[in-house]
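Engineer: To start, I am sharing the structure in question, which I have written as structure tokens.
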Amino acid sequence: MRRLLLLVFALLLSARATAAETTLELATGEWPPYVSQSLPQGGAFAQIVRQAFLRAGYQVHFSYLSWPQDEAQLRMGKAVAALPYRPTPERLKEFDFSPPLMRTSSFLFYHKPHMPHPPQSFQSLDALRGYRVAIQLGYWYIPLFQQHKLNTLLTSDEVNALRQLQLGRLDLAPMSLERGWYLIHKVLPGRENEFGYIPTPLDKETPLGLMFSRSYPQAARIREDFARALEQMEKDGSLKAIYQRNFPEVTPPR
């Protein structure tokens with residue numbers, strides 16, 4: 001009986017060691033502050049994913065590619081998952097998704113010295129027609145702003161939009177809270193207190209998670225292992241802790 005128990009114990013240790021030695025290929029791209037090679041431990045998403053997979057018994061390797069290349073890696077089964085992605089009807093035809101790692105929305109940032117009395121909220125974007133609003137080509141909000149006939153001004157990117165706010169050439173600039181505060185810290189350090197945002201979100205919260213391949217070996221089982229580990233992280237508070245450590249200005253965490 002003792003020998004049998006020792007054999008079972010040895011097999012369990014062997015199985016755990018094998019799982020721990022399994023390295024999964026993950027595809028991602030540069031999207032600070034969510035994920036980037038230049039951020040500590042790869043940013044919030046990389047930290048969450050690495051910890052969840054470690055709990056599930058896997059090591060991970062990140063490849064930083066373009067977003068189209070990420071999807072190609074999944075189709076060919078060369079990566080088990082790509083991150084971060086939002087589930088859309090088109091993507092759900094080809095890929096499976098994890099539970100959300102984070103939810104994010106876009107808000108309108110402003111520069112306090114040039115707008116000491118900003119709108120505290122709004123029921124409709126029609127209320128913002130008197131303001132100059134930054135836009136960048138290709139962003140989702142352009143049709144929405146056009147529908148409400150806002151006074152929009154094209155900027156080259158979100159960094160330029162923040163600089164135009166600071167110069168008083170624009171009044172409002174749409175960004176996610178995480179992205180907005182990250183760029184303010186990076187581009188205008190020491191001036192964080194000069195900026196604020198209108199607390200009414202422009203869109204519904206967008207879930208962002210792992211997009212899983214259907215061609216990678218045992219992808220379905222790996223996805224289930226990841227989901228269980230992520231649920232544990234949510235219950236024990238470690239998921240919230242990672243978010244707050246990376247985005248201390250954004251409360252409550254999403």
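Chains: A, B, ... in order of the structure tokens. Residues: from 1 per chain. Ligands: from 1, in order shown.
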Which residues are near A:Gly130? Cut-off 8 Å, only C-alpha atoms, ignore same chain within fewer than 2 positions. Put them as a PyMOL selection string.
Structural biologist: chain A and resi 127-128+132+150-151
Engineer: Write out the residues from the selection above, keeping N, CA, C and O atoms, as a PDB file, in the first residue's frame.
Structural biologist:
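Output saved as result.pdb:
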ATOM      1  N   ALA A 127     -24.648  68.622 -26.048  1.00  0.00           N
ATOM      2  CA  ALA A 127     -24.300  69.661 -25.074  1.00  0.00           C
ATOM      3  C   ALA A 127     -22.862  70.139 -25.226  1.00  0.00           C
ATOM      4  O   ALA A 127     -22.488  71.156 -24.634  1.00  0.00           O
ATOM      5  N   LEU A 128     -22.062  69.446 -26.040  1.00  0.00           N
ATOM      6  CA  LEU A 128     -20.650  69.789 -26.172  1.00  0.00           C
ATOM      7  C   LEU A 128     -20.334  70.486 -27.495  1.00  0.00           C
ATOM      8  O   LEU A 128     -19.165  70.628 -27.860  1.00  0.00           O
ATOM      9  N   ARG A 132     -14.139  72.719 -28.697  1.00  0.00           N
ATOM     10  CA  ARG A 132     -13.260  72.208 -29.753  1.00  0.00           C
ATOM     11  C   ARG A 132     -12.727  70.839 -29.296  1.00  0.00           C
ATOM     12  O   ARG A 132     -12.049  70.743 -28.276  1.00  0.00           O
ATOM     13  N   LEU A 150     -20.302  67.877 -33.620  1.00  0.00           N
ATOM     14  CA  LEU A 150     -19.333  68.525 -32.749  1.00  0.00           C
ATOM     15  C   LEU A 150     -18.283  69.265 -33.578  1.00  0.00           C
ATOM     16  O   LEU A 150     -18.024  68.926 -34.737  1.00  0.00           O
ATOM     17  N   ASN A 151     -17.671  70.251 -32.960  1.00  0.00           N
ATOM     18  CA  ASN A 151     -16.608  71.026 -33.593  1.00  0.00           C
ATOM     19  C   ASN A 151     -15.295  70.275 -33.398  1.00  0.00           C
ATOM     20  O   ASN A 151     -14.631  70.402 -32.363  1.00  0.00           O
TER      21      ASN A 151
END
Engineer: Name all residues at most 10 Å from A:Ser156 (count only C-alpha atoms; drop same-chain ones fewer than 2 positions away) and give them as a list in words.
Structural biologist: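 Here the qualifying residues turn out to be Ala134, Ile135, Gln136, Leu137, Leu154, Glu158, Val159, Asn160 and Ala161 of chain A.
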Engineer: Can you write just those residues out, N, CA, C and O atoms, as a short mmCIF file (atom, residue, chain, number, x, y, z; two decimals), in the first residue's frame?
Structural biologist:
data_model
loop_
_atom_site.label_atom_id
_atom_site.label_comp_id
_atom_site.auth_asym_id
_atom_site.auth_seq_id
_atom_site.Cartn_x
_atom_site.Cartn_y
_atom_site.Cartn_z
N ALA A 134 -10.66 67.23 -30.01
CA ALA A 134 -9.61 66.58 -30.80
C ALA A 134 -10.10 65.25 -31.36
O ALA A 134 -10.86 64.52 -30.71
N ILE A 135 -9.64 64.92 -32.56
CA ILE A 135 -9.89 63.59 -33.14
C ILE A 135 -8.61 63.12 -33.83
O ILE A 135 -7.74 63.92 -34.17
N GLN A 136 -8.50 61.81 -34.01
CA GLN A 136 -7.45 61.22 -34.84
C GLN A 136 -8.10 60.30 -35.87
O GLN A 136 -9.10 59.64 -35.56
N LEU A 137 -7.53 60.27 -37.04
CA LEU A 137 -8.10 59.47 -38.12
C LEU A 137 -8.16 58.00 -37.72
O LEU A 137 -7.24 57.46 -37.10
N LEU A 154 -8.63 67.88 -36.24
CA LEU A 154 -7.77 66.72 -36.44
C LEU A 154 -6.40 66.94 -35.82
O LEU A 154 -5.76 67.96 -36.05
N GLU A 158 -2.56 61.15 -30.06
CA GLU A 158 -3.07 61.54 -28.75
C GLU A 158 -2.08 62.42 -27.98
O GLU A 158 -2.49 63.28 -27.20
N VAL A 159 -0.79 62.24 -28.21
CA VAL A 159 0.21 63.11 -27.58
C VAL A 159 0.03 64.54 -28.07
O VAL A 159 0.03 65.50 -27.28
N ASN A 160 -0.14 64.70 -29.38
CA ASN A 160 -0.35 66.03 -29.94
C ASN A 160 -1.64 66.64 -29.40
O ASN A 160 -1.69 67.85 -29.12
N ALA A 161 -2.67 65.82 -29.21
CA ALA A 161 -3.94 66.32 -28.66
C ALA A 161 -3.74 66.89 -27.25
O ALA A 161 -4.27 67.96 -26.92
#
Engineer: Write out as JSON lines a residue-level contact list of stretch 87-179 of chain A versus stretch 39-61 of chain A with cut-off 12 Å: for each qualifying residue the closest pair of atoms and the distance in Å to one decimal, counting only C-alpha atoms, rows sorted by chain and residue number upward.
Structural biologist:
{"residue": "A:Ser98", "atom": "CA", "partner": "A:Val49", "partner_atom": "CA", "distance": 10.8}
{"residue": "A:Pro99", "atom": "CA", "partner": "A:Val49", "partner_atom": "CA", "distance": 11.8}
{"residue": "A:Pro100", "atom": "CA", "partner": "A:Phe45", "partner_atom": "CA", "distance": 10.7}
{"residue": "A:Leu101", "atom": "CA", "partner": "A:Phe45", "partner_atom": "CA", "distance": 7.4}
{"residue": "A:Met102", "atom": "CA", "partner": "A:Phe45", "partner_atom": "CA", "distance": 8.4}
{"residue": "A:Arg103", "atom": "CA", "partner": "A:Phe45", "partner_atom": "CA", "distance": 11.6}
{"residue": "A:Glu178", "atom": "CA", "partner": "A:Ala44", "partner_atom": "CA", "distance": 10.5}
Engineer: Could you write those residues out with all heavy atoms, as a PDB file, in the first residue's frame?
Structural biologist:
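That gives us out23.pdb:
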ATOM      1  N   SER A  98     -11.086  34.520 -23.645  1.00  0.00           N
ATOM      2  CA  SER A  98     -11.054  34.335 -22.196  1.00  0.00           C
ATOM      3  C   SER A  98     -12.060  35.285 -21.565  1.00  0.00           C
ATOM      4  O   SER A  98     -12.573  36.194 -22.218  1.00  0.00           O
ATOM      5  CB  SER A  98      -9.656  34.661 -21.665  1.00  0.00           C
ATOM      6  OG  SER A  98      -9.442  36.076 -21.685  1.00  0.00           O
ATOM      7  N   PRO A  99     -12.359  35.107 -20.268  1.00  0.00           N
ATOM      8  CA  PRO A  99     -13.087  36.157 -19.551  1.00  0.00           C
ATOM      9  C   PRO A  99     -12.280  37.453 -19.608  1.00  0.00           C
ATOM     10  O   PRO A  99     -11.060  37.427 -19.796  1.00  0.00           O
ATOM     11  CB  PRO A  99     -13.176  35.617 -18.121  1.00  0.00           C
ATOM     12  CG  PRO A  99     -12.978  34.146 -18.245  1.00  0.00           C
ATOM     13  CD  PRO A  99     -12.049  33.951 -19.401  1.00  0.00           C
ATOM     14  N   PRO A 100     -12.917  38.607 -19.435  1.00  0.00           N
ATOM     15  CA  PRO A 100     -12.185  39.875 -19.512  1.00  0.00           C
ATOM     16  C   PRO A 100     -11.100  39.990 -18.439  1.00  0.00           C
ATOM     17  O   PRO A 100     -11.318  39.642 -17.286  1.00  0.00           O
ATOM     18  CB  PRO A 100     -13.277  40.927 -19.288  1.00  0.00           C
ATOM     19  CG  PRO A 100     -14.560  40.238 -19.622  1.00  0.00           C
ATOM     20  CD  PRO A 100     -14.363  38.805 -19.241  1.00  0.00           C
ATOM     21  N   LEU A 101      -9.931  40.468 -18.849  1.00  0.00           N
ATOM     22  CA  LEU A 101      -8.876  40.804 -17.900  1.00  0.00           C
ATOM     23  C   LEU A 101      -9.094  42.211 -17.364  1.00  0.00           C
ATOM     24  O   LEU A 101      -8.670  42.540 -16.258  1.00  0.00           O
ATOM     25  CB  LEU A 101      -7.506  40.745 -18.575  1.00  0.00           C
ATOM     26  CG  LEU A 101      -6.841  39.377 -18.713  1.00  0.00           C
ATOM     27  CD1 LEU A 101      -7.642  38.469 -19.640  1.00  0.00           C
ATOM     28  CD2 LEU A 101      -5.424  39.532 -19.244  1.00  0.00           C
ATOM     29  N   MET A 102      -9.759  43.028 -18.182  1.00  0.00           N
ATOM     30  CA  MET A 102      -9.973  44.424 -17.830  1.00  0.00           C
ATOM     31  C   MET A 102     -11.116  44.954 -18.688  1.00  0.00           C
ATOM     32  O   MET A 102     -11.401  44.422 -19.767  1.00  0.00           O
ATOM     33  CB  MET A 102      -8.696  45.222 -18.110  1.00  0.00           C
ATOM     34  CG  MET A 102      -8.648  46.624 -17.560  1.00  0.00           C
ATOM     35  SD  MET A 102      -7.106  47.462 -18.056  1.00  0.00           S
ATOM     36  CE  MET A 102      -5.876  46.359 -17.332  1.00  0.00           C
ATOM     37  N   ARG A 103     -11.767  45.991 -18.205  1.00  0.00           N
ATOM     38  CA  ARG A 103     -12.791  46.694 -18.985  1.00  0.00           C
ATOM     39  C   ARG A 103     -12.403  48.164 -19.024  1.00  0.00           C
ATOM     40  O   ARG A 103     -11.968  48.713 -18.022  1.00  0.00           O
ATOM     41  CB  ARG A 103     -14.184  46.519 -18.355  1.00  0.00           C
ATOM     42  CG  ARG A 103     -14.646  45.074 -18.300  1.00  0.00           C
ATOM     43  CD  ARG A 103     -16.012  44.964 -17.639  1.00  0.00           C
ATOM     44  NE  ARG A 103     -16.388  43.573 -17.444  1.00  0.00           N
ATOM     45  CZ  ARG A 103     -17.023  42.831 -18.338  1.00  0.00           C
ATOM     46  NH1 ARG A 103     -17.366  43.370 -19.493  1.00  0.00           N
ATOM     47  NH2 ARG A 103     -17.326  41.573 -18.092  1.00  0.00           N
ATOM     48  N   GLU A 178      -6.792  55.049 -18.643  1.00  0.00           N
ATOM     49  CA  GLU A 178      -5.457  54.481 -18.477  1.00  0.00           C
ATOM     50  C   GLU A 178      -4.480  55.093 -19.480  1.00  0.00           C
ATOM     51  O   GLU A 178      -3.366  55.487 -19.134  1.00  0.00           O
ATOM     52  CB  GLU A 178      -5.500  52.955 -18.653  1.00  0.00           C
ATOM     53  CG  GLU A 178      -6.341  52.223 -17.627  1.00  0.00           C
ATOM     54  CD  GLU A 178      -7.806  52.101 -18.032  1.00  0.00           C
ATOM     55  OE1 GLU A 178      -8.172  52.580 -19.136  1.00  0.00           O
ATOM     56  OE2 GLU A 178      -8.580  51.528 -17.255  1.00  0.00           O
TER      57      GLU A 178
END
Engineer: Looking at A:Lys235, A:Phe97, A:Pro116, A:Gly196, which one is nearest to A:Leu208, with distances taken over only C-alpha atoms?
Structural biologist: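 Of all the options, A:Phe97 lies closest to A:Leu208.
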Engineer: Can you tell me, as a PyMOL selection string, which residues in stretch 11-202 of chain A count as helix (DSSP H, G or I) by DSSP?
Structural biologist: chain A and resi 11-21+40-42+44-55+67-75+89-92+125-128+142-147+158-167+177-187+192-194
Engineer: Which polymer residues have any atom within 9 Å of an atom of A:Phe109, counting only C-alpha atoms, with same-chain residues fewer than 3 positions away left out, as a VMD selection string?
Structural biologist: chain A and resid 162 165 171 to 175 177 180 195 to 198
Engineer: DSSP on the backbone: which residues in stretch 12-167 of chain A end up as strand (DSSP E or B)? Give the answer as an MDAnalysis selection string.
Structural biologist: chainID A and resid 23:28 31 35 59:64 81:85 96:97 102:104 106:111 132:135 151:154
Engineer: I'd like the contact shell of A:Trp31 - 10 Å cut-off, only C-alpha atoms, skipping same-chain residues fewer than 6 positions apart - returned as a VMD selection string.
Structural biologist: chain A and resid 37 43 84 179
Engineer: Using only C-alpha atoms, which of the listed residues (A:Ala81, A:Arg245, A:Lys204, A:Arg75) sits closest to A:Lys93?
Structural biologist: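 Among the listed residues, the smallest separation from A:Lys93 belongs to A:Arg75.
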Engineer: One number please: atom CA of A:Gln73 to atom CA of A:Thr206, in Å, one decimal.
Structural biologist: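 It comes out at 23.9 Å.
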Engineer: Mind checking which residues fall within 8 Å of A:Thr200, counting only C-alpha atoms, ignoring those fewer than 4 positions away in the same chain, and posting them as a ChimeraX atom specification?
Structural biologist: /A:107,120-122
Engineer: List the spatial neighbours of A:Gly29 as a PDB file with all heavy atoms, in the first residue's frame - criterion: any atom at most 8 Å away, only C-alpha atoms, same-chain residues fewer than 2 positions off excluded.
Structural biologist:
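Result file result.pdb:
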ATOM      1  N   ALA A  27       1.069  35.999 -28.469  1.00  0.00           N
ATOM      2  CA  ALA A  27       1.335  37.096 -29.402  1.00  0.00           C
ATOM      3  C   ALA A  27       0.711  38.378 -28.881  1.00  0.00           C
ATOM      4  O   ALA A  27      -0.414  38.364 -28.369  1.00  0.00           O
ATOM      5  CB  ALA A  27       0.765  36.758 -30.780  1.00  0.00           C
ATOM      6  N   TRP A  31       1.107  48.542 -27.098  1.00  0.00           N
ATOM      7  CA  TRP A  31      -0.066  49.359 -26.788  1.00  0.00           C
ATOM      8  C   TRP A  31       0.042  49.838 -25.342  1.00  0.00           C
ATOM      9  O   TRP A  31      -0.701  49.427 -24.467  1.00  0.00           O
ATOM     10  CB  TRP A  31      -1.358  48.549 -27.000  1.00  0.00           C
ATOM     11  CG  TRP A  31      -2.596  49.395 -26.948  1.00  0.00           C
ATOM     12  CD1 TRP A  31      -2.719  50.719 -27.230  1.00  0.00           C
ATOM     13  CD2 TRP A  31      -3.906  48.949 -26.576  1.00  0.00           C
ATOM     14  NE1 TRP A  31      -4.021  51.132 -27.070  1.00  0.00           N
ATOM     15  CE2 TRP A  31      -4.773  50.063 -26.666  1.00  0.00           C
ATOM     16  CE3 TRP A  31      -4.430  47.727 -26.168  1.00  0.00           C
ATOM     17  CZ2 TRP A  31      -6.128  49.987 -26.364  1.00  0.00           C
ATOM     18  CZ3 TRP A  31      -5.776  47.650 -25.876  1.00  0.00           C
ATOM     19  CH2 TRP A  31      -6.620  48.762 -25.977  1.00  0.00           C
ATOM     20  N   VAL A  35       0.144  47.123 -22.599  1.00  0.00           N
ATOM     21  CA  VAL A  35       1.181  46.121 -22.841  1.00  0.00           C
ATOM     22  C   VAL A  35       2.263  46.760 -23.704  1.00  0.00           C
ATOM     23  O   VAL A  35       1.974  47.474 -24.653  1.00  0.00           O
ATOM     24  CB  VAL A  35       0.586  44.863 -23.521  1.00  0.00           C
ATOM     25  CG1 VAL A  35      -0.041  45.188 -24.862  1.00  0.00           C
ATOM     26  CG2 VAL A  35       1.629  43.777 -23.662  1.00  0.00           C
ATOM     27  N   SER A  36       3.527  46.530 -23.320  1.00  0.00           N
ATOM     28  CA  SER A  36       4.650  47.093 -24.074  1.00  0.00           C
ATOM     29  C   SER A  36       5.948  46.510 -23.549  1.00  0.00           C
ATOM     30  O   SER A  36       6.100  46.263 -22.355  1.00  0.00           O
ATOM     31  CB  SER A  36       4.688  48.619 -23.943  1.00  0.00           C
ATOM     32  OG  SER A  36       5.861  49.141 -24.537  1.00  0.00           O
ATOM     33  N   SER A  63       5.668  37.241 -27.918  1.00  0.00           N
ATOM     34  CA  SER A  63       6.225  37.763 -29.161  1.00  0.00           C
ATOM     35  C   SER A  63       5.509  39.075 -29.478  1.00  0.00           C
ATOM     36  O   SER A  63       4.271  39.107 -29.532  1.00  0.00           O
ATOM     37  CB  SER A  63       6.023  36.769 -30.314  1.00  0.00           C
ATOM     38  OG  SER A  63       6.780  35.596 -30.106  1.00  0.00           O
ATOM     39  N   TYR A  64       6.289  40.147 -29.652  1.00  0.00           N
ATOM     40  CA  TYR A  64       5.704  41.460 -29.938  1.00  0.00           C
ATOM     41  C   TYR A  64       5.689  41.667 -31.448  1.00  0.00           C
ATOM     42  O   TYR A  64       6.737  41.816 -32.078  1.00  0.00           O
ATOM     43  CB  TYR A  64       6.505  42.557 -29.237  1.00  0.00           C
ATOM     44  CG  TYR A  64       6.284  42.563 -27.748  1.00  0.00           C
ATOM     45  CD1 TYR A  64       7.003  41.703 -26.917  1.00  0.00           C
ATOM     46  CD2 TYR A  64       5.356  43.417 -27.165  1.00  0.00           C
ATOM     47  CE1 TYR A  64       6.796  41.691 -25.547  1.00  0.00           C
ATOM     48  CE2 TYR A  64       5.147  43.416 -25.791  1.00  0.00           C
ATOM     49  CZ  TYR A  64       5.874  42.552 -24.996  1.00  0.00           C
ATOM     50  OH  TYR A  64       5.660  42.538 -23.636  1.00  0.00           O
ATOM     51  N   LEU A  65       4.484  41.667 -32.005  1.00  0.00           N
ATOM     52  CA  LEU A  65       4.295  41.734 -33.447  1.00  0.00           C
ATOM     53  C   LEU A  65       3.283  42.822 -33.770  1.00  0.00           C
ATOM     54  O   LEU A  65       2.778  43.513 -32.891  1.00  0.00           O
ATOM     55  CB  LEU A  65       3.799  40.379 -33.962  1.00  0.00           C
ATOM     56  CG  LEU A  65       4.611  39.135 -33.553  1.00  0.00           C
ATOM     57  CD1 LEU A  65       3.830  37.877 -33.859  1.00  0.00           C
ATOM     58  CD2 LEU A  65       5.958  39.133 -34.261  1.00  0.00           C
ATOM     59  N   SER A  66       2.974  42.976 -35.050  1.00  0.00           N
ATOM     60  CA  SER A  66       1.859  43.841 -35.420  1.00  0.00           C
ATOM     61  C   SER A  66       0.563  43.102 -35.131  1.00  0.00           C
ATOM     62  O   SER A  66       0.538  41.868 -35.036  1.00  0.00           O
ATOM     63  CB  SER A  66       1.940  44.200 -36.911  1.00  0.00           C
ATOM     64  OG  SER A  66       1.653  43.054 -37.710  1.00  0.00           O
ATOM     65  N   TRP A  67      -0.552  43.835 -35.003  1.00  0.00           N
ATOM     66  CA  TRP A  67      -1.832  43.188 -34.698  1.00  0.00           C
ATOM     67  C   TRP A  67      -2.271  42.222 -35.800  1.00  0.00           C
ATOM     68  O   TRP A  67      -2.747  41.119 -35.483  1.00  0.00           O
ATOM     69  CB  TRP A  67      -2.893  44.251 -34.413  1.00  0.00           C
ATOM     70  CG  TRP A  67      -2.471  45.165 -33.298  1.00  0.00           C
ATOM     71  CD1 TRP A  67      -2.169  46.493 -33.380  1.00  0.00           C
ATOM     72  CD2 TRP A  67      -2.250  44.806 -31.924  1.00  0.00           C
ATOM     73  NE1 TRP A  67      -1.779  46.975 -32.157  1.00  0.00           N
ATOM     74  CE2 TRP A  67      -1.824  45.983 -31.243  1.00  0.00           C
ATOM     75  CE3 TRP A  67      -2.375  43.626 -31.198  1.00  0.00           C
ATOM     76  CZ2 TRP A  67      -1.528  46.004 -29.884  1.00  0.00           C
ATOM     77  CZ3 TRP A  67      -2.074  43.640 -29.842  1.00  0.00           C
ATOM     78  CH2 TRP A  67      -1.666  44.806 -29.201  1.00  0.00           C
ATOM     79  N   ASP A  70      -0.341  39.101 -35.235  1.00  0.00           N
ATOM     80  CA  ASP A  70      -0.848  38.347 -34.079  1.00  0.00           C
ATOM     81  C   ASP A  70      -1.956  37.403 -34.506  1.00  0.00           C
ATOM     82  O   ASP A  70      -1.965  36.218 -34.142  1.00  0.00           O
ATOM     83  CB  ASP A  70      -1.407  39.317 -33.021  1.00  0.00           C
ATOM     84  CG  ASP A  70      -0.308  40.056 -32.273  1.00  0.00           C
ATOM     85  OD1 ASP A  70       0.864  39.646 -32.374  1.00  0.00           O
ATOM     86  OD2 ASP A  70      -0.620  41.036 -31.590  1.00  0.00           O
ATOM     87  N   LEU A  83      -3.097  39.060 -27.193  1.00  0.00           N
ATOM     88  CA  LEU A  83      -3.652  39.979 -26.199  1.00  0.00           C
ATOM     89  C   LEU A  83      -3.159  41.400 -26.450  1.00  0.00           C
ATOM     90  O   LEU A  83      -2.091  41.591 -27.027  1.00  0.00           O
ATOM     91  CB  LEU A  83      -3.237  39.542 -24.790  1.00  0.00           C
ATOM     92  CG  LEU A  83      -1.732  39.654 -24.459  1.00  0.00           C
ATOM     93  CD1 LEU A  83      -1.526  40.247 -23.090  1.00  0.00           C
ATOM     94  CD2 LEU A  83      -1.030  38.310 -24.581  1.00  0.00           C
TER      95      LEU A  83
END
Engineer: Taking only C-alpha atoms into account, which of A:Arg91, A:Lys186, A:Lys149, A:His114 comes nearest A:Glu71?
Structural biologist: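 Among the listed residues, the smallest separation from A:Glu71 belongs to A:Arg91.
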Engineer: Can you work out which one of A:Gln123, A:Ser105, A:Gln244, A:Gln218 has the shortest atom-to-atom distance to A:Leu202, counting only C-alpha atoms?
Structural biologist: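 The shortest atom-to-atom distance to A:Leu202 comes from A:Ser105.
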Engineer: Mind pulling up the distance from atom CA of A:Arg169 to atom CA of A:Ser124?
Structural biologist: 23.5 Å
Engineer: Take atom CA of A:Gln166 and atom CA of A:His111 and report the distance between them in Å, one decimal.
Structural biologist: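 Between atom CA of A:Gln166 and atom CA of A:His111 the gap is 5.9 Å.
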Engineer: What lies within 9 Å of A:Leu74 using only C-alpha atoms, ignoring chain neighbours under 4 positions off, as a ChimeraX atom specification?
Structural biologist: /A:27,69-70,78-82,95,211-216
